[in-house]
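Enquirer: I'd like to ask some things about the structure below.
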Amino acid sequence: MRLHRLEVSAFGPYPGTEVVDFDALAADGLFLLHGDTGAGKTTLLDAVAFALFGTVPGMRGETKRLRCDYADPDQVTEVALDLTVQGHRLRVVRSPEYERPKKRGEGTTRQQARVSLSWVGQAPSGHAPDGITRIDEVADTVERLLGMTKDQFFQVVLLPQGDFARFLRSGTEERETLLEKLFGTQNFARVEQWFRTRRTEKHRELEAARREAGELLARFEQASGQDAPQTPDLGWLDAVTTAAEALHRVTEQGVRATAAQRARAEEALAEGRDLVAKVERVRRATRELAELEAQAPARASWRTELDDARRAAPVVLADDQLRRARRAVDAAVARAEQAVDAAGETGVKRLREWVARGRRRGVDGSVVDELRARAGALREEAGALGGLVAEAERQAADEQRLARLVTRSEQLAQTSADVERALAEYPPRIAAAREAANSAAGSRSAVDGLRARRDEVAAAAKDTAAAQRARQALVSAEDDNRAAVDAHQEARERVQALRQARLDGMAAELAAGLAAGEACPVCGAHEHPAPALPSGHTATPEDEQRAEVAEQRALHARERAGQALTRARTELAQLEERLAPWRGVDLSTELATVRAAFDGAVAAAARVDVLDKELAELEQGLDALRQRRSLVERDSAAVDSERRGLVEAVQERAAVLAQARGPFESVAARVADVQGRTARLDQVADACAALVAARERLAEHEEALSEAVAAAGFPSAAKALGAAREDNVVEKLRGKLADAEAAVKQHKETLSDMDLFGIEPDVEVDLLPLRDAVERTRSAAEQAVAAAGEARTRFVAVRDLGKRLRAAWQRLEPVEAAYAELDALTDVVNGRGQNSARMSLRSYVLAARLEEVAVSASARLRDMSQGRYSFVHSDAAGARGTRGGLGLDVLDDYSGRVRPAKTLSGGESFLASLSLALGLADVVAAESGGALLDTLFVDEGFGTLDANALDDVMSILDTLRDGGRVVGLVSHVEELRQRIPVRLHVKKARGGSRVVQG
């Protein structure tokens, strides 16, 4: 994988669009990514990860806040990455989900995440030539081409040293978590889980089988009444079943014998009871026939009385109708007299006499016709006046409405005047409110600009104070550096002087070691005629060694002073660069002015909504008044028009109503009088007509009664009514005669029945001995049946449960054997039981991977530590039986002992973690198919190294460039800037960061 170009827009701390040309940075194979803390160095690596996988490493990926807070609202948040993977060049453009301002109206809307993958050149086989835009398809394609998951990519391409330092010091569980993410041992974890799940399932099956067998055994013991042996015994099972079957056969034979005895006894009892019933029938029939013979004269009298009552029934009906007709005549006379008294008309005396005649005999109907003619004349008069009653009511209503219209006209005139006065007050108020609202809206739009200006001026003022302190610090650093240089120079001169003095006194030093007769170490002579004498300025080796140590200390102090001077110059240069736009500006005055303007704008902006609401209310009030004025004018015109028309109608109708009213108070009163007289005449006519009809019906019923008496054959109506009987009496007589005849017939049929032939009514039958025999045999049979049922129930239960128990014992044996084998194997796979190494299957695989990583990392670590350190992998179990296999220690060749990684110093830990990261990158790359990783990033950690260690690390990093690989170092260490000429500088400012390449 090789990166070519990265573009970030409104991403992280970058408000605009920043471009990183990796092809230009790759010219030397090694480049430095540097900048101030928090400037956004790591964000560029996050952008690479986000473009490929849609997420960023570590805790930063959990916040999901990738959009730059300083970006323009219209700026799109986007990352574009050009890279080559497995010989195919592609371009990935990705945007995260974020909130953006609405294009119409106020507020924000959610911008959905999107991605596109396009091919630069020919697309690989099996891929769409037009590219991919689905998020899930892009993720699958990138992961398949890289051959790595996002976790592997974050570890082997973006090498975070802090993670590997923690990996060195972590325990087995933490190492296992990281290695699982990198090497994808989920399948082995699933195998372990499969064994555990399978064992749980088999254990449930075993427990179910044991529970089933135990329940069946308990039920078998209860059914058989026998205690079971301690272990399953099929012979005992067969013996208990055979005994239950034999008992069942014996009880069945007893049931059959007692049932036969009971049947014979019950048959004898049934014959005796039948004889008793026949004797009783003969006795009852003989007795009741004698009683019926004695009732023969009474039955003849009942028949005569019943015949007379039947003939008198029509006479009774005619007499009843005659009495009702007489009562109807009396009622009609009374109603006619009441109607005549209530009528109050002329001719009342003549009508009363006519009604009195109707009480005694028939009357003439001409009076009725006369009354109805008079009522018709009055009805015609009432009809002629009825139409004017509605006109009178309408006249009263119109007069009331006319009065209301006059009042309404006066009210509308007053309302119109009030509305006109109110309308005159609104225009100046609206103009003032609109001016205030426009002013406040202008202040609101200026708030953001004034806030940004205030923050910029405040930051510049702070930078001014910091620059003053930086200048003072630079002067102090220059003084310290000059002092350190002078001290170092003096120490070097002291060393050189002592070295020269020692050279000058070397002859005397050698001469001091000569002895007579011993060879000179210089010329080999045994004679020493003129040995050199020491001068006054001699130097010993100890003096020279002490001077060298002092010179080294002075050198280190000089280097530290130089580094401090460089830092002071860099800090001052950065501050002066930020203050360049503010030269010649009085920042104190400018800050006060901007703050005052900002506070005023904020206060004014706070009233925008209130002023807008007030203006809207005034405009709504003006519109309401205008609408009200229109309504008042329309109502006034309508009222005036209606009033004029109503005055004319009232005047015309008044003359017509006065003539129709006559002497009455109103037309309605006159109509009511006519209608009352008409109703009274109608009542008299109806009453007289009813009297005439009642007299006619009475004559008809008198004639009908005479005809009914003659037809019935009675001498008079009184005789006929005397022979009449009530309906219940007639029905009772008829029923008594029918019952007597039926009883005689029934008893004669009974005595002639062939079943009763030869049976005398005085025969006596004794049933007591027969009942005792039945009771004895029934009790014996029931006891036999109960015993047989119990025996059968026990036999069936024992037989069925025995079969099921036998099958359950046979099924349980192989289940127990299979579970025991699976239980032991599951413990071994999960690092327990007979597994002496306490390593699970997953840990075993991870241990093998870790051993490969240790071998690869050791080669790097030996080079970086000048042959001192190498990694040692251990698969021994942990303390107190904890899992093993992931132990990683360090072998120290100086001492020849293995040390825990936790004992390494800070710089040594950096070397070890960097070696481990590089070794892991090699192993994961090989694991993923051997794909070449042409671009690597090493993030921080160089500040812990001394000069020699840094040289060794740089040498190792130089080897990584072999084969065209590009290595990017992320660090703010000053010395790396002097060592690496190709740099990518991230500059931080208050308005966001930007990237400078070169």
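Identifiers in the structure tokens: chain A, B, ... in order shown; residue index from 1 per chain; ligand index from 1 in order shown.
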Excluding same-chain residues fewer than 5 positions from Val995 (chain A), what lies within 7 Å of it counting only C-alpha atoms, as number ranges by chain?

Expert: A: 18, 985-987

Enquirer: Take the residues from that selection and write them out as a compact mmCIF listing (two decimals), in the first residue's frame, keeping C-alpha atoms.

Expert:
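Below is the file part.txt, written as the result:
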# COMPACT_ATOMS: atom_id res chain seq x y z
CA GLU A 18 -5.36 21.28 3.15
CA HIS A 985 4.85 21.49 9.25
CA VAL A 986 1.42 21.91 10.93
CA LYS A 987 0.92 25.51 12.10

Enquirer: Quick one: residues within 8 Å of Ala601 (chain A), only C-alpha atoms, excluding same-chain residues fewer than 4 positions away - as a count of residues only?

Expert: 7

Enquirer: Point out the residue among A:Ala461, A:Ala854, A:Ala711, A:Ala824 with the least atom-to-atom distance to Arg583 (chain A), counting only C-alpha atoms.

Expert: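 Under the stated criterion, the closest residue is A:Ala461.
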
Enquirer: What's around region 609-616 of chain A at 10 Å? Count only C-alpha atoms, leave out sequence neighbours fewer than 5 positions away in its own chain, and write the answer as a list in words.

Expert: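 What passes the distance filter is Arg429, Ile430, Ala431, Ala432, Ala433, Arg434, Glu435, Ala436, Ala437, Asn438, Ser439, Ala440, Ala441, Gly621 and Leu622 of chain A.
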
Enquirer: Could you write out that same residue set with N, CA and C atoms as a PDB file, in the first residue's frame?

Expert:
ATOM      1  N   ARG A 429     -46.477  55.011  15.073  1.00  0.00           N
ATOM      2  CA  ARG A 429     -46.006  53.947  15.968  1.00  0.00           C
ATOM      3  C   ARG A 429     -45.350  52.818  15.173  1.00  0.00           C
ATOM      4  N   ILE A 430     -45.919  52.467  14.021  1.00  0.00           N
ATOM      5  CA  ILE A 430     -45.338  51.395  13.201  1.00  0.00           C
ATOM      6  C   ILE A 430     -43.998  51.804  12.631  1.00  0.00           C
ATOM      7  N   ALA A 431     -43.873  53.050  12.187  1.00  0.00           N
ATOM      8  CA  ALA A 431     -42.595  53.511  11.639  1.00  0.00           C
ATOM      9  C   ALA A 431     -41.501  53.449  12.689  1.00  0.00           C
ATOM     10  N   ALA A 432     -41.788  53.881  13.928  1.00  0.00           N
ATOM     11  CA  ALA A 432     -40.787  53.841  14.988  1.00  0.00           C
ATOM     12  C   ALA A 432     -40.406  52.397  15.320  1.00  0.00           C
ATOM     13  N   ALA A 433     -41.377  51.483  15.405  1.00  0.00           N
ATOM     14  CA  ALA A 433     -41.083  50.080  15.727  1.00  0.00           C
ATOM     15  C   ALA A 433     -40.260  49.423  14.625  1.00  0.00           C
ATOM     16  N   ARG A 434     -40.546  49.736  13.342  1.00  0.00           N
ATOM     17  CA  ARG A 434     -39.787  49.138  12.247  1.00  0.00           C
ATOM     18  C   ARG A 434     -38.340  49.598  12.262  1.00  0.00           C
ATOM     19  N   GLU A 435     -38.115  50.878  12.562  1.00  0.00           N
ATOM     20  CA  GLU A 435     -36.738  51.404  12.626  1.00  0.00           C
ATOM     21  C   GLU A 435     -35.961  50.720  13.742  1.00  0.00           C
ATOM     22  N   ALA A 436     -36.590  50.523  14.919  1.00  0.00           N
ATOM     23  CA  ALA A 436     -35.906  49.857  16.032  1.00  0.00           C
ATOM     24  C   ALA A 436     -35.596  48.400  15.693  1.00  0.00           C
ATOM     25  N   ALA A 437     -36.532  47.690  15.055  1.00  0.00           N
ATOM     26  CA  ALA A 437     -36.288  46.285  14.700  1.00  0.00           C
ATOM     27  C   ALA A 437     -35.170  46.147  13.681  1.00  0.00           C
ATOM     28  N   ASN A 438     -35.112  47.014  12.676  1.00  0.00           N
ATOM     29  CA  ASN A 438     -34.037  46.953  11.686  1.00  0.00           C
ATOM     30  C   ASN A 438     -32.689  47.208  12.332  1.00  0.00           C
ATOM     31  N   SER A 439     -32.640  48.145  13.261  1.00  0.00           N
ATOM     32  CA  SER A 439     -31.382  48.433  13.947  1.00  0.00           C
ATOM     33  C   SER A 439     -30.915  47.228  14.756  1.00  0.00           C
ATOM     34  N   ALA A 440     -31.848  46.562  15.475  1.00  0.00           N
ATOM     35  CA  ALA A 440     -31.470  45.391  16.274  1.00  0.00           C
ATOM     36  C   ALA A 440     -31.039  44.231  15.388  1.00  0.00           C
ATOM     37  N   ALA A 441     -31.703  44.048  14.243  1.00  0.00           N
ATOM     38  CA  ALA A 441     -31.302  42.966  13.334  1.00  0.00           C
ATOM     39  C   ALA A 441     -29.900  43.204  12.794  1.00  0.00           C
ATOM     40  N   GLY A 621     -52.579  44.845  14.405  1.00  0.00           N
ATOM     41  CA  GLY A 621     -53.597  45.734  14.946  1.00  0.00           C
ATOM     42  C   GLY A 621     -54.129  46.694  13.895  1.00  0.00           C
ATOM     43  N   LEU A 622     -53.214  47.250  13.039  1.00  0.00           N
ATOM     44  CA  LEU A 622     -53.649  48.167  11.977  1.00  0.00           C
ATOM     45  C   LEU A 622     -54.558  47.430  10.983  1.00  0.00           C
TER      46      LEU A 622
END

Enquirer: Using only C-alpha atoms, which residues sit within 8 Å of region 628-643 of chain A once same-chain residues fewer than 3 positions away are excluded, as a ChimeraX atom specification?

Expert: /A:402,405-406,408-409,412-413,415-416,419-420,624-625,646-647

Enquirer: Kindly indicate which residue among A:Arg862, A:Arg771, A:Arg379, A:Arg553 lies nearest to Arg273 (chain A), using only C-alpha atoms for the distances.

Expert: A:Arg771

Enquirer: Using DSSP on the backbone coordinates, identify all residues within region 525-773 of chain A classified as helix (DSSP H, G or I); present the result as a VMD selection string.

Expert: chain A and resid 541 to 582 587 to 606 608 to 661 667 to 712 717 to 723 727 to 751 754 to 756 768 to 773

Enquirer: Please, what distance in Å, to one decimal, runs between CA of Asp951 (chain A) and CA of Ala564 (chain A)?

Expert: 21.1 Å

Enquirer: Quick one: residues within 12 Å of Asp766 (chain A), only C-alpha atoms counted, chain neighbours fewer than 3 positions away excluded, as a PyMOL selection string?

Expert: chain A and resi 269+271-273+275-276+763+769-772

Enquirer: Pick from A:Val845, A:Ala373, A:Ala580, A:Leu916: nearest to Ser858 (chain A), with only C-alpha atoms counted?

Expert: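 Closest residue, counting only C-alpha atoms: A:Leu916.
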
Enquirer: List the spatial neighbours of region 693-705 of chain A as a short mmCIF file (atom, residue, chain, number, x, y, z; two decimals) with C-alpha atoms, in the first residue's frame - criterion: any atom at most 6 Å away, only C-alpha atoms, same-chain residues fewer than 3 positions off excluded.

Expert:
data_model
loop_
_atom_site.label_atom_id
_atom_site.label_comp_id
_atom_site.auth_asym_id
_atom_site.auth_seq_id
_atom_site.Cartn_x
_atom_site.Cartn_y
_atom_site.Cartn_z
CA ALA A 318 -128.06 -11.95 23.56
CA LEU A 322 -128.96 -5.99 25.39
CA ALA A 325 -126.96 -1.31 24.64
CA VAL A 329 -128.20 4.92 25.62
CA GLY A 362 -136.45 6.90 19.55
CA ALA A 690 -124.46 9.47 19.18
CA ALA A 708 -132.65 -16.54 20.84
#
